[in-house]
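To start, the structure itself, in structure tokens.
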Amino acid sequence: MRTATVSKLPVRPIPLTVVPQPATVRFEVSCSSCNLREMCLPGGLSSAEMRRVEQIVYLRRRIKRGETLFNTGDAFTAIHAIHSGFFKTSVVDSEGREQVTGFYMGGELLGMDGLGSGQYNATAVALEDSEVCVMPFSLIEDISREVRGLQRHLHSVLAREIVRDHGVMMLLGSMCADERLATFLLNLSKRFLRRGFSQSEFHLRMTREEIGSFLGLKLETVSRLFSRFQEEGLIEVQQKHVRILDIDGVERLLKSAN
């Protein structure tokens with residue numbers, strides 16, 4: 001029996017297909033159409049200046065509830081404008097306890113405290129699913145040399161942060177417990193109103209414990225005060241939903257102390 005001869009064909013190497021990796025793409029943003037632009041960007045800009053300022057926003061980052069935007073001690077690289085959502089900032093004391101230092105909502109800026117030291121001085125955590133516009137500070141510096149309104153606005157925001165810090169010191173140093181909670185609720189009311197929301201009805205994104213940490217009060221004290229305010233007809237509370245029934249009455253709590 002004859003054996004069939006199998007001719008050997010030359011083996012050609014199979015070329016490897018290289019899949020190109022996508023380059024980092026700048027986020028295409030239109031600050032001019034954002035309904036929060038008047039709060040996080042300077043007003044009165046020309047169309048050319050607005051196009052230049054829009055280049056500051058390098059990307060928009062989504063942060064899930066409970067996730068950290070930046071930590072205490074991280075290198076300061078960018079300022080973050082909250083496009084949607086709610087954040088808290090906090091530090092940990094020498095005994096390992098968390099101290100809440102602030103609450104931030106849409107249109108407000110996070111990370112300004114890193115300007116002086118070159119690192120963030122608090123940890124920022126999302127209290128609900130949120131989006132932030134990331135603005136690298138190197139770009140802010142470059143563009144603010146061309147758009148003077150941006151530089152003035154940054155100075156204004158810094159001054160506002162100083163005033164806020166001073167207000168917190170006054171809150172913790174000179175007010176009794178019911179005045180602290182009244183001030184906290186009125187402050188939230190004004191901030192929601194400025195964003196076009198109801199000044200008398202809103203949802204608290206933070207826990208009672210976090211409110212207590214910010215106000216320098218125990219959890220039991222905060223819960224007791226919410227119950228007392230409700231019994232006195234000042235507010236109506238259903239879990240985290242708050243309705244201020246008598247804004248004038250809440251304001252009188254502060255006036256009566258002066």
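A note on labels: chains of the structure tokens are A, B, ... as shown, every chain counts residues from 1, and ligands are counted from 1 in their shown order.
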
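Residues in contact with segment 141-147 of chain A at up to 9 Å, not including ones fewer than 3 positions away on its chain and judged by only C-alpha atoms, are Leu45, Glu49, Arg52, Val53, Gln55, Ile56, Pro136, Phe137, Ser138, Leu150, Gln151 and Arg152 of chain A.
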
(request) Excluding Arg205 of chain A and any residue of its chain fewer than 6 positions from it, enumerate the residues within 12 Å of it, using only C-alpha atoms, and give them as a PyMOL selection string. (result) chain A and resi 65-66+85-88+103-105+125-130+188+211+239-242

(request) Write down as a PyMOL selection string the residues belonging to segment 84-242 of chain A that are assigned alpha helix (DSSP H) by DSSP computed on the backbone. (result) chain A and resi 114-117+137-144+148-174+177-194+208-215+219-231

(message) Please determine, counting only C-alpha atoms, which residue among A:Gly249, A:Gly73, A:Gly118, A:Gly212 has the shortest atom-to-atom distance to Thr101 of chain A.
(response) A:Gly212

Could I get the residues of segment 48-102 of chain A with an atom no further than 12 Å from an atom of segment 215-225 of chain A, each paired with its nearest atom pair and that distance in Å to one decimal, using only C-alpha atoms, sorted by chain and residue number, as JSON lines?
```
{"residue": "A:Glu98", "atom": "CA", "partner": "A:Gly216", "partner_atom": "CA", "distance": 11.5}
{"residue": "A:Gln99", "atom": "CA", "partner": "A:Gly216", "partner_atom": "CA", "distance": 8.7}
{"residue": "A:Val100", "atom": "CA", "partner": "A:Leu215", "partner_atom": "CA", "distance": 8.5}
{"residue": "A:Thr101", "atom": "CA", "partner": "A:Leu215", "partner_atom": "CA", "distance": 9.1}
{"residue": "A:Gly102", "atom": "CA", "partner": "A:Leu215", "partner_atom": "CA", "distance": 9.8}
```

Just N, CA and C atoms for this one: save the residues we selected as a PDB file, in the first residue's frame.
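Contents of again.pdb, as written:
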```
ATOM      1  N   GLU A  98     -14.743  60.809  64.260  1.00  0.00           N
ATOM      2  CA  GLU A  98     -15.013  61.672  63.109  1.00  0.00           C
ATOM      3  C   GLU A  98     -15.658  62.971  63.565  1.00  0.00           C
ATOM      4  N   GLN A  99     -15.156  64.081  63.037  1.00  0.00           N
ATOM      5  CA  GLN A  99     -15.760  65.384  63.275  1.00  0.00           C
ATOM      6  C   GLN A  99     -16.203  65.947  61.934  1.00  0.00           C
ATOM      7  N   VAL A 100     -17.523  66.083  61.746  1.00  0.00           N
ATOM      8  CA  VAL A 100     -18.050  66.646  60.502  1.00  0.00           C
ATOM      9  C   VAL A 100     -17.773  68.142  60.487  1.00  0.00           C
ATOM     10  N   THR A 101     -17.197  68.620  59.393  1.00  0.00           N
ATOM     11  CA  THR A 101     -16.828  70.036  59.299  1.00  0.00           C
ATOM     12  C   THR A 101     -17.715  70.828  58.344  1.00  0.00           C
ATOM     13  N   GLY A 102     -18.529  70.147  57.536  1.00  0.00           N
ATOM     14  CA  GLY A 102     -19.398  70.886  56.631  1.00  0.00           C
ATOM     15  C   GLY A 102     -20.250  69.985  55.771  1.00  0.00           C
TER      16      GLY A 102
END
```

At a cut-off of 10 Å, using only C-alpha atoms, what residues contact Glu131 of chain A? Leave out same-chain residues fewer than 2 positions from it and give the result as a PDB file with N, CA and C atoms, in the first residue's frame.
```pdb
ATOM      1  N   ARG A  60     -16.224  65.371  34.261  1.00  0.00           N
ATOM      2  CA  ARG A  60     -17.295  65.286  35.254  1.00  0.00           C
ATOM      3  C   ARG A  60     -17.258  63.880  35.842  1.00  0.00           C
ATOM      4  N   ARG A  61     -17.152  63.825  37.136  1.00  0.00           N
ATOM      5  CA  ARG A  61     -16.941  62.557  37.822  1.00  0.00           C
ATOM      6  C   ARG A  61     -18.179  62.166  38.618  1.00  0.00           C
ATOM      7  N   ARG A  62     -18.575  60.901  38.496  1.00  0.00           N
ATOM      8  CA  ARG A  62     -19.712  60.389  39.250  1.00  0.00           C
ATOM      9  C   ARG A  62     -19.217  59.710  40.521  1.00  0.00           C
ATOM     10  N   ILE A  63     -19.834  60.080  41.625  1.00  0.00           N
ATOM     11  CA  ILE A  63     -19.465  59.532  42.922  1.00  0.00           C
ATOM     12  C   ILE A  63     -20.696  58.876  43.536  1.00  0.00           C
ATOM     13  N   LYS A  64     -20.593  57.588  43.810  1.00  0.00           N
ATOM     14  CA  LYS A  64     -21.709  56.869  44.417  1.00  0.00           C
ATOM     15  C   LYS A  64     -21.856  57.248  45.895  1.00  0.00           C
ATOM     16  N   HIS A  80     -13.409  71.070  43.064  1.00  0.00           N
ATOM     17  CA  HIS A  80     -14.547  70.310  42.552  1.00  0.00           C
ATOM     18  C   HIS A  80     -15.829  71.108  42.742  1.00  0.00           C
ATOM     19  N   ALA A  81     -16.542  71.332  41.647  1.00  0.00           N
ATOM     20  CA  ALA A  81     -17.843  71.992  41.696  1.00  0.00           C
ATOM     21  C   ALA A  81     -18.923  70.917  41.688  1.00  0.00           C
ATOM     22  N   ILE A  82     -19.806  70.949  42.670  1.00  0.00           N
ATOM     23  CA  ILE A  82     -20.856  69.933  42.756  1.00  0.00           C
ATOM     24  C   ILE A  82     -21.939  70.247  41.729  1.00  0.00           C
ATOM     25  N   HIS A  83     -22.081  69.361  40.760  1.00  0.00           N
ATOM     26  CA  HIS A  83     -23.114  69.536  39.735  1.00  0.00           C
ATOM     27  C   HIS A  83     -24.451  69.016  40.230  1.00  0.00           C
ATOM     28  N   SER A  84     -24.428  67.921  40.950  1.00  0.00           N
ATOM     29  CA  SER A  84     -25.637  67.374  41.567  1.00  0.00           C
ATOM     30  C   SER A  84     -25.215  66.525  42.756  1.00  0.00           C
ATOM     31  N   GLY A  85     -26.120  66.427  43.737  1.00  0.00           N
ATOM     32  CA  GLY A  85     -25.820  65.593  44.890  1.00  0.00           C
ATOM     33  C   GLY A  85     -25.508  66.386  46.147  1.00  0.00           C
ATOM     34  N   PHE A  86     -24.960  65.676  47.116  1.00  0.00           N
ATOM     35  CA  PHE A  86     -24.733  66.250  48.443  1.00  0.00           C
ATOM     36  C   PHE A  86     -23.504  65.583  49.059  1.00  0.00           C
ATOM     37  N   GLY A 106     -25.355  71.158  45.511  1.00  0.00           N
ATOM     38  CA  GLY A 106     -25.125  71.583  44.146  1.00  0.00           C
ATOM     39  C   GLY A 106     -24.794  73.058  44.016  1.00  0.00           C
ATOM     40  N   ALA A 126     -19.633  61.429  49.561  1.00  0.00           N
ATOM     41  CA  ALA A 126     -20.951  61.671  48.985  1.00  0.00           C
ATOM     42  C   ALA A 126     -22.035  61.099  49.893  1.00  0.00           C
ATOM     43  N   GLU A 128     -25.182  61.070  48.818  1.00  0.00           N
ATOM     44  CA  GLU A 128     -26.093  60.476  47.848  1.00  0.00           C
ATOM     45  C   GLU A 128     -25.333  60.386  46.525  1.00  0.00           C
ATOM     46  N   ASP A 129     -25.868  59.665  45.573  1.00  0.00           N
ATOM     47  CA  ASP A 129     -25.219  59.594  44.262  1.00  0.00           C
ATOM     48  C   ASP A 129     -25.062  61.016  43.721  1.00  0.00           C
ATOM     49  N   CYS A 133     -17.894  68.450  38.852  1.00  0.00           N
ATOM     50  CA  CYS A 133     -17.053  68.924  37.766  1.00  0.00           C
ATOM     51  C   CYS A 133     -15.656  69.132  38.319  1.00  0.00           C
ATOM     52  N   VAL A 134     -14.670  68.433  37.751  1.00  0.00           N
ATOM     53  CA  VAL A 134     -13.293  68.499  38.233  1.00  0.00           C
ATOM     54  C   VAL A 134     -12.567  69.615  37.493  1.00  0.00           C
TER      55      VAL A 134
END
```

Applying 12 Å and only C-alpha atoms, which residues near Ile162 of chain A remain after dropping the ones on its own chain fewer than 6 positions away? List them as a compact mmCIF listing (two decimals) with N, CA and C atoms, in the first residue's frame.
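What follows is the written file selection-v1.txt:
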```
# COMPACT_ATOMS: atom_id res chain seq x y z
N MET A 112 -11.40 73.80 48.38
CA MET A 112 -10.74 75.10 48.44
C MET A 112 -9.72 75.18 49.57
N ASP A 113 -9.92 74.36 50.61
CA ASP A 113 -9.01 74.41 51.75
C ASP A 113 -7.61 73.92 51.42
N HIS A 155 -11.53 84.80 44.66
CA HIS A 155 -11.31 85.54 45.90
C HIS A 155 -12.61 85.66 46.69
N SER A 156 -13.71 85.87 45.96
CA SER A 156 -15.02 85.97 46.61
C SER A 156 -15.39 84.66 47.29
N VAL A 168 -19.34 78.91 61.80
CA VAL A 168 -19.34 77.64 62.52
C VAL A 168 -18.73 77.81 63.90
N MET A 169 -17.66 78.61 64.00
CA MET A 169 -17.04 78.87 65.30
C MET A 169 -18.02 79.57 66.23
```

(request) List every residue of segment 100-203 of chain A that DSSP, applied to the backbone of this structure, places in strand (DSSP E), and write the result as a count of residues only. (result) 22

As a short mmCIF file (atom, residue, chain, number, x, y, z; two decimals) with C-alpha atoms, in the first residue's frame, please: the residues near Leu253 of chain A (cut-off 9 Å, only C-alpha atoms, same-chain neighbours under 6 positions excluded).
```cif
data_model
loop_
_atom_site.label_atom_id
_atom_site.label_comp_id
_atom_site.auth_asym_id
_atom_site.auth_seq_id
_atom_site.Cartn_x
_atom_site.Cartn_y
_atom_site.Cartn_z
CA ASP A 178 -31.79 74.70 70.25
CA GLU A 179 -30.17 77.77 68.67
CA ALA A 182 -32.45 76.37 64.43
#
```

(message) Ranking A:Ala75, A:Ala122, A:Leu109, A:Ile235 by minimum distance to Glu161 of chain A and counting only C-alpha atoms, which one comes first?
(response) A:Leu109

(message) Ranking A:Thr207, A:Gln199, A:Asn71, A:Thr77 by minimum distance to Leu245 of chain A and counting only C-alpha atoms, which one comes first?
(response)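 Closest to Leu245 of chain A of all the choices is A:Gln199.
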
(request) Enter the distance from atom CA of Glu210 of chain A to atom CA of Met135 of chain A, in Å, rounded to one decimal. (result) 28.0 Å

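Computed from the coordinates, the atom CA of Leu69 of chain A to atom CA of Ser90 of chain A distance equals 12.0 Å.
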
(message) Applying 12 Å and only C-alpha atoms, which residues near Leu254 of chain A remain after dropping the ones on its own chain fewer than 4 positions away? List them as a ChimeraX atom specification.
(response) /A:171,174-186,247-250,258

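Atom CA of Asn121 of chain A is positioned 7.7 Å from atom CA of Val91 of chain A.
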
(request) Rank A:Val163, A:Leu59, A:Ala48, A:Val237 by their smallest atom-to-atom distance to Ala78 of chain A, using only C-alpha atoms, and report the top residue only. (result)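 For Ala78 of chain A, the nearest of the candidates is A:Leu59.
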